[in-house]
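Here's the structure, in structure tokens; my notes come after.
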Amino acid sequence: MKKELNFVVNGESYNLWVEPNTLLVQVLRDELGFRGTKRSCDSGSCCACTVNLDGKAVKSCSILALQANGKEVLTIEGMANGAELHPIQQAFIDNWAFQCGFCTSGQIMAAKALLGENANPTREEIQMAMDGHLCRCTGYNMINEAIRDAAGRLQAQKAQEKAK
Ligand code: FES
Ligand code: FES
């Protein structure tokens with residue numbers, strides 16, 4: 001029997017009725033059209049489907065949609081501010097941190113959660129936080145560099161805002 005799901009995705013409230021066994025990734029992609037969230041292994045082992053749930057990185061193929069009830073989800077579509085990319089997105093571009101891009105939304109959403117908790121992570125801390133994010137083409141060094149770079153950009157942005 002379907003159950004009611006009330007949650008916020010990328011700043012907008014949604015009210016849906018879903019089967020109890022529906023996965024979060026299914027609702028995001030198939031019901032709401034947020035197809036930037038990728039579905040790959042479907043078994044919790046690649047992290048391509050990572051989104052933020054109340055600021056924490058979660059694998060959306062590994063949790064039920066109803067576990068997001070009353071919570072806030074952020075997907076890659078909610079990162080940019082209009083035409084202006086989020087500093088993490090821009091840092092991925094500037095550091096050549098993707099090629100095909102299939103894993104990239106998951107990588108960026110994990111980086112967003114990490115930098116929300118730790119504004120200035122070391123290479124090792126980034127490596128630990130990104131453990132399990134599989135990328136078949138880019139190489140993990142560039143991704144690590146991009147996240148370090150993004151941390152610097154976000155800190156500079158904060159300092160600028162404070163100075164206003
Ligand atoms: S699709 Fe979710 S971890 Fe691979
Ligand atoms: S950029 Fe192709 S899988 Fe990561």
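Each chain in the structure tokens gets a letter, A, B, ..., in the order shown, and its residues are numbered from 1; ligands are numbered from 1 in order too.
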
- Task: Please provide as a list in words all residues within 8 Å of A:Ser62, with the sequence filter that same-chain residues fewer than 3 positions apart are discarded (counting only C-alpha atoms).
- Result: Leu23, Leu24, Asp42, Ser43, Gly44, Val58 and Lys59 of chain A

Grab me every residue within 8 Å of ligand 2, counting only C-alpha atoms and all ligand atoms, and send it over as a compact mmCIF listing (two decimals) with all heavy atoms, in the first residue's frame.
# COMPACT_ATOMS: atom_id res chain seq x y z
N ALA A 97 38.72 17.25 -13.56
CA ALA A 97 38.40 16.15 -12.65
C ALA A 97 37.31 15.22 -13.18
O ALA A 97 36.73 14.46 -12.40
CB ALA A 97 38.02 16.72 -11.29
N PHE A 98 37.01 15.29 -14.46
CA PHE A 98 36.09 14.30 -15.04
C PHE A 98 36.38 14.16 -16.52
O PHE A 98 36.98 15.03 -17.14
CB PHE A 98 34.62 14.68 -14.82
CG PHE A 98 34.22 16.00 -15.42
CD1 PHE A 98 33.80 16.08 -16.74
CD2 PHE A 98 34.27 17.15 -14.66
CE1 PHE A 98 33.42 17.29 -17.29
CE2 PHE A 98 33.90 18.38 -15.20
CZ PHE A 98 33.48 18.44 -16.51
N GLN A 99 35.93 13.02 -17.06
CA GLN A 99 35.99 12.82 -18.50
C GLN A 99 34.59 12.51 -19.02
O GLN A 99 33.91 13.38 -19.51
CB GLN A 99 37.00 11.73 -18.84
CG GLN A 99 38.44 12.22 -18.64
CD GLN A 99 39.47 11.19 -19.02
OE1 GLN A 99 39.35 10.52 -20.04
NE2 GLN A 99 40.48 11.05 -18.19
N CYS A 100 34.12 11.27 -18.83
CA CYS A 100 32.76 10.97 -19.32
C CYS A 100 31.70 11.65 -18.45
O CYS A 100 30.61 11.93 -18.91
CB CYS A 100 32.51 9.47 -19.39
SG CYS A 100 32.15 8.72 -17.78
N GLY A 101 32.03 11.87 -17.17
CA GLY A 101 31.11 12.58 -16.28
C GLY A 101 30.09 11.71 -15.57
O GLY A 101 29.31 12.21 -14.76
N PHE A 102 30.10 10.41 -15.85
CA PHE A 102 29.05 9.57 -15.27
C PHE A 102 29.10 9.54 -13.75
O PHE A 102 28.08 9.56 -13.08
CB PHE A 102 29.12 8.14 -15.83
CG PHE A 102 27.91 7.33 -15.47
CD1 PHE A 102 26.75 7.41 -16.24
CD2 PHE A 102 27.88 6.53 -14.34
CE1 PHE A 102 25.61 6.71 -15.89
CE2 PHE A 102 26.75 5.82 -13.98
CZ PHE A 102 25.61 5.91 -14.76
N CYS A 103 30.31 9.51 -13.20
CA CYS A 103 30.45 9.42 -11.73
C CYS A 103 30.41 10.80 -11.07
O CYS A 103 30.40 10.91 -9.84
CB CYS A 103 31.79 8.77 -11.38
SG CYS A 103 33.21 9.85 -11.77
N THR A 104 30.44 11.86 -11.89
CA THR A 104 30.77 13.19 -11.38
C THR A 104 29.71 13.78 -10.45
O THR A 104 30.05 14.42 -9.45
CB THR A 104 31.04 14.16 -12.55
OG1 THR A 104 31.98 13.53 -13.43
CG2 THR A 104 31.62 15.46 -12.06
N LEU A 134 33.65 5.22 -7.40
CA LEU A 134 34.41 4.66 -8.52
C LEU A 134 34.38 5.59 -9.71
O LEU A 134 33.33 6.15 -10.06
CB LEU A 134 33.83 3.30 -8.92
CG LEU A 134 33.83 2.23 -7.83
CD1 LEU A 134 33.35 0.90 -8.40
CD2 LEU A 134 35.21 2.07 -7.20
N CYS A 135 35.56 5.79 -10.30
CA CYS A 135 35.65 6.54 -11.54
C CYS A 135 36.47 5.70 -12.50
O CYS A 135 37.57 5.27 -12.18
CB CYS A 135 36.34 7.89 -11.31
SG CYS A 135 36.55 8.81 -12.85
N ARG A 136 35.90 5.46 -13.68
CA ARG A 136 36.57 4.59 -14.64
C ARG A 136 37.48 5.36 -15.58
O ARG A 136 38.19 4.77 -16.38
CB ARG A 136 35.52 3.83 -15.48
CG ARG A 136 34.70 2.87 -14.67
CD ARG A 136 35.54 1.71 -14.18
NE ARG A 136 34.74 0.77 -13.43
CZ ARG A 136 35.19 0.10 -12.37
NH1 ARG A 136 36.42 0.30 -11.95
NH2 ARG A 136 34.42 -0.74 -11.75
N CYS A 137 37.45 6.70 -15.55
CA CYS A 137 38.27 7.37 -16.56
C CYS A 137 39.21 8.46 -16.08
O CYS A 137 40.23 8.67 -16.73
CB CYS A 137 37.42 7.91 -17.72
SG CYS A 137 35.72 8.26 -17.47
N THR A 138 38.93 9.16 -15.01
CA THR A 138 39.71 10.38 -14.77
C THR A 138 40.99 10.14 -13.98
O THR A 138 42.01 10.73 -14.29
CB THR A 138 38.84 11.40 -14.00
OG1 THR A 138 37.74 11.71 -14.83
CG2 THR A 138 39.60 12.65 -13.68
N GLY A 139 40.92 9.33 -12.99
CA GLY A 139 42.08 9.21 -12.08
C GLY A 139 41.74 10.00 -10.83
O GLY A 139 41.22 11.12 -10.92

- Hey, which of A:Ser40, A:Asn118, A:Gln157, A:Asn95 ends up closest to ligand 1? Count only C-alpha atoms and all ligand atoms. A:Ser40

- Query: What lies within 6 Å of stretch 51-55 of chain A using only C-alpha atoms, ignoring chain neighbours under 6 positions off, as a list in words?
  - Reply: Glu72, Val73, Leu74, Thr75, Met109 and Ala113 of chain A

For the selection you just gave me, I'd like the residues written to a file as a PDB file, in the first residue's frame, keeping N, CA and C atoms.
ATOM      1  N   GLU A  72      15.518  17.082   3.845  1.00  0.00           N
ATOM      2  CA  GLU A  72      15.902  17.869   2.658  1.00  0.00           C
ATOM      3  C   GLU A  72      16.922  17.121   1.838  1.00  0.00           C
ATOM      4  N   VAL A  73      16.637  17.005   0.563  1.00  0.00           N
ATOM      5  CA  VAL A  73      17.557  16.350  -0.364  1.00  0.00           C
ATOM      6  C   VAL A  73      18.157  17.415  -1.278  1.00  0.00           C
ATOM      7  N   LEU A  74      19.440  17.288  -1.514  1.00  0.00           N
ATOM      8  CA  LEU A  74      20.095  18.149  -2.505  1.00  0.00           C
ATOM      9  C   LEU A  74      20.699  17.243  -3.565  1.00  0.00           C
ATOM     10  N   THR A  75      20.389  17.525  -4.823  1.00  0.00           N
ATOM     11  CA  THR A  75      20.979  16.769  -5.925  1.00  0.00           C
ATOM     12  C   THR A  75      21.853  17.725  -6.738  1.00  0.00           C
ATOM     13  N   MET A 109      28.503  15.636  -5.089  1.00  0.00           N
ATOM     14  CA  MET A 109      27.606  15.668  -3.929  1.00  0.00           C
ATOM     15  C   MET A 109      28.318  15.168  -2.670  1.00  0.00           C
ATOM     16  N   ALA A 113      29.036  17.457   0.815  1.00  0.00           N
ATOM     17  CA  ALA A 113      28.787  17.032   2.207  1.00  0.00           C
ATOM     18  C   ALA A 113      30.080  17.121   3.015  1.00  0.00           C
TER      19      ALA A 113
END

- Given only C-alpha atoms as the counted atoms, nearest of A:Ala159, A:Val27, A:Val9, A:Ile88 to A:Asn144: A:Ile88

- Task: Please run DSSP on the backbone and report, as a VMD selection string, all residues within stretch 16-102 of chain A that come out as strand (DSSP E or B).
- Result: chain A and resid 16 to 18 23 50 to 53 56 to 59 64 72 to 74 81 84

- stretch 53-148 of chain A: which residues are helix (DSSP H, G or I) by DSSP, as a PyMOL selection string? chain A and resi 65-68+76-78+87-94+104-117+123-129+140-148

Dump as a tab-separated table (two decimals), in the first residue's frame, selection limited to N, CA and C atoms:
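Result file follows (selection-v2.tsv):
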chain	number	residue	atom	x	y	z
A	65	ALA	N	12.90	5.68	-0.28
A	65	ALA	CA	12.40	7.04	-0.44
A	65	ALA	C	11.76	7.53	0.86
A	66	LEU	N	11.07	6.63	1.55
A	66	LEU	CA	10.37	7.06	2.76
A	66	LEU	C	11.33	7.45	3.88
A	67	GLN	N	12.58	7.04	3.79
A	67	GLN	CA	13.57	7.47	4.78
A	67	GLN	C	13.90	8.96	4.61
A	68	ALA	N	13.50	9.52	3.50
A	68	ALA	CA	13.72	10.96	3.27
A	68	ALA	C	12.52	11.79	3.71
A	76	ILE	N	22.52	17.19	-7.73
A	76	ILE	CA	23.41	18.02	-8.55
A	76	ILE	C	22.65	19.19	-9.20
A	77	GLU	N	21.37	18.99	-9.47
A	77	GLU	CA	20.59	20.06	-10.12
A	77	GLU	C	20.39	21.26	-9.20
A	78	GLY	N	20.58	21.04	-7.89
A	78	GLY	CA	20.38	22.13	-6.94
A	78	GLY	C	21.67	22.85	-6.59
A	87	PRO	N	30.97	26.63	-6.67
A	87	PRO	CA	32.45	26.56	-6.69
A	87	PRO	C	33.00	25.13	-6.80
A	88	ILE	N	32.29	24.16	-6.25
A	88	ILE	CA	32.79	22.77	-6.38
A	88	ILE	C	32.68	22.32	-7.85
A	89	GLN	N	31.58	22.66	-8.49
A	89	GLN	CA	31.42	22.31	-9.91
A	89	GLN	C	32.52	22.97	-10.75
A	90	GLN	N	32.75	24.27	-10.48
A	90	GLN	CA	33.75	25.00	-11.25
A	90	GLN	C	35.15	24.42	-11.01
A	91	ALA	N	35.41	24.03	-9.76
A	91	ALA	CA	36.73	23.45	-9.45
A	91	ALA	C	36.92	22.12	-10.18
A	92	PHE	N	35.86	21.33	-10.31
A	92	PHE	CA	35.98	20.07	-11.07
A	92	PHE	C	36.32	20.36	-12.53
A	93	ILE	N	35.71	21.38	-13.10
A	93	ILE	CA	36.01	21.72	-14.49
A	93	ILE	C	37.45	22.20	-14.60
A	94	ASP	N	37.85	23.13	-13.72
A	94	ASP	CA	39.17	23.75	-13.84
A	94	ASP	C	40.31	22.79	-13.56
A	104	THR	N	30.44	11.86	-11.89
A	104	THR	CA	30.77	13.19	-11.38
A	104	THR	C	29.71	13.78	-10.45
A	105	SER	N	28.44	13.55	-10.76
A	105	SER	CA	27.44	14.14	-9.85
A	105	SER	C	27.56	13.53	-8.46
A	106	GLY	N	27.81	12.23	-8.40
A	106	GLY	CA	28.00	11.59	-7.09
A	106	GLY	C	29.24	12.11	-6.38
A	107	GLN	N	30.31	12.30	-7.15
A	107	GLN	CA	31.55	12.82	-6.56
A	107	GLN	C	31.32	14.23	-6.01
A	108	ILE	N	30.65	15.05	-6.78
A	108	ILE	CA	30.43	16.44	-6.36
A	108	ILE	C	29.52	16.49	-5.13
A	109	MET	N	28.50	15.64	-5.09
A	109	MET	CA	27.61	15.67	-3.93
A	109	MET	C	28.32	15.17	-2.67
A	110	ALA	N	29.24	14.22	-2.84
A	110	ALA	CA	30.02	13.76	-1.68
A	110	ALA	C	30.96	14.87	-1.22
A	111	ALA	N	31.56	15.58	-2.18
A	111	ALA	CA	32.45	16.69	-1.84
A	111	ALA	C	31.67	17.79	-1.11
A	112	LYS	N	30.44	18.03	-1.55
A	112	LYS	CA	29.61	19.06	-0.91
A	112	LYS	C	29.38	18.70	0.56
A	113	ALA	N	29.04	17.46	0.82
A	113	ALA	CA	28.79	17.03	2.21
A	113	ALA	C	30.08	17.12	3.02
A	114	LEU	N	31.18	16.69	2.43
A	114	LEU	CA	32.46	16.74	3.14
A	114	LEU	C	32.81	18.18	3.52
A	115	LEU	N	32.74	19.09	2.55
A	115	LEU	CA	33.16	20.47	2.81
A	115	LEU	C	32.17	21.20	3.73
A	116	GLY	N	30.97	20.68	3.84
A	116	GLY	CA	30.01	21.22	4.81
A	116	GLY	C	30.42	20.88	6.24
A	117	GLU	N	31.11	19.77	6.38
A	117	GLU	CA	31.52	19.33	7.72
A	117	GLU	C	32.96	19.72	8.04
A	123	ARG	N	44.46	16.02	2.09
A	123	ARG	CA	44.37	15.05	0.99
A	123	ARG	C	43.85	13.71	1.52
A	124	GLU	N	44.37	13.33	2.69
A	124	GLU	CA	44.00	12.02	3.27
A	124	GLU	C	42.52	12.02	3.69
A	125	GLU	N	42.08	13.15	4.26
A	125	GLU	CA	40.67	13.22	4.67
A	125	GLU	C	39.75	13.17	3.45
A	126	ILE	N	40.18	13.80	2.38
A	126	ILE	CA	39.38	13.75	1.15
A	126	ILE	C	39.33	12.31	0.63
A	127	GLN	N	40.50	11.70	0.63
A	127	GLN	CA	40.59	10.31	0.15
A	127	GLN	C	39.64	9.41	0.95
A	128	MET	N	39.62	9.62	2.26
A	128	MET	CA	38.76	8.79	3.10
A	128	MET	C	37.29	9.06	2.79
A	129	ALA	N	36.94	10.35	2.66
A	129	ALA	CA	35.54	10.71	2.42
A	129	ALA	C	35.07	10.21	1.05
A	140	TYR	N	42.05	9.44	-9.69
A	140	TYR	CA	41.56	10.02	-8.44
A	140	TYR	C	42.34	11.25	-7.98
A	141	ASN	N	43.56	11.42	-8.46
A	141	ASN	CA	44.35	12.58	-8.03
A	141	ASN	C	43.69	13.89	-8.43
A	142	MET	N	43.19	13.94	-9.65
A	142	MET	CA	42.57	15.19	-10.12
A	142	MET	C	41.30	15.50	-9.34
A	143	ILE	N	40.59	14.46	-8.96
A	143	ILE	CA	39.36	14.67	-8.18
A	143	ILE	C	39.74	15.21	-6.79
A	144	ASN	N	40.78	14.64	-6.22
A	144	ASN	CA	41.25	15.11	-4.91
A	144	ASN	C	41.71	16.57	-5.01
A	145	GLU	N	42.45	16.88	-6.07
A	145	GLU	CA	42.91	18.27	-6.29
A	145	GLU	C	41.73	19.22	-6.43
A	146	ALA	N	40.72	18.78	-7.16
A	146	ALA	CA	39.54	19.64	-7.38
A	146	ALA	C	38.85	19.95	-6.06
A	147	ILE	N	38.80	18.97	-5.19
A	147	ILE	CA	38.11	19.20	-3.90
A	147	ILE	C	38.94	20.12	-3.01
A	148	ARG	N	40.25	19.97	-3.05
A	148	ARG	CA	41.13	20.90	-2.30
A	148	ARG	C	40.92	22.32	-2.83
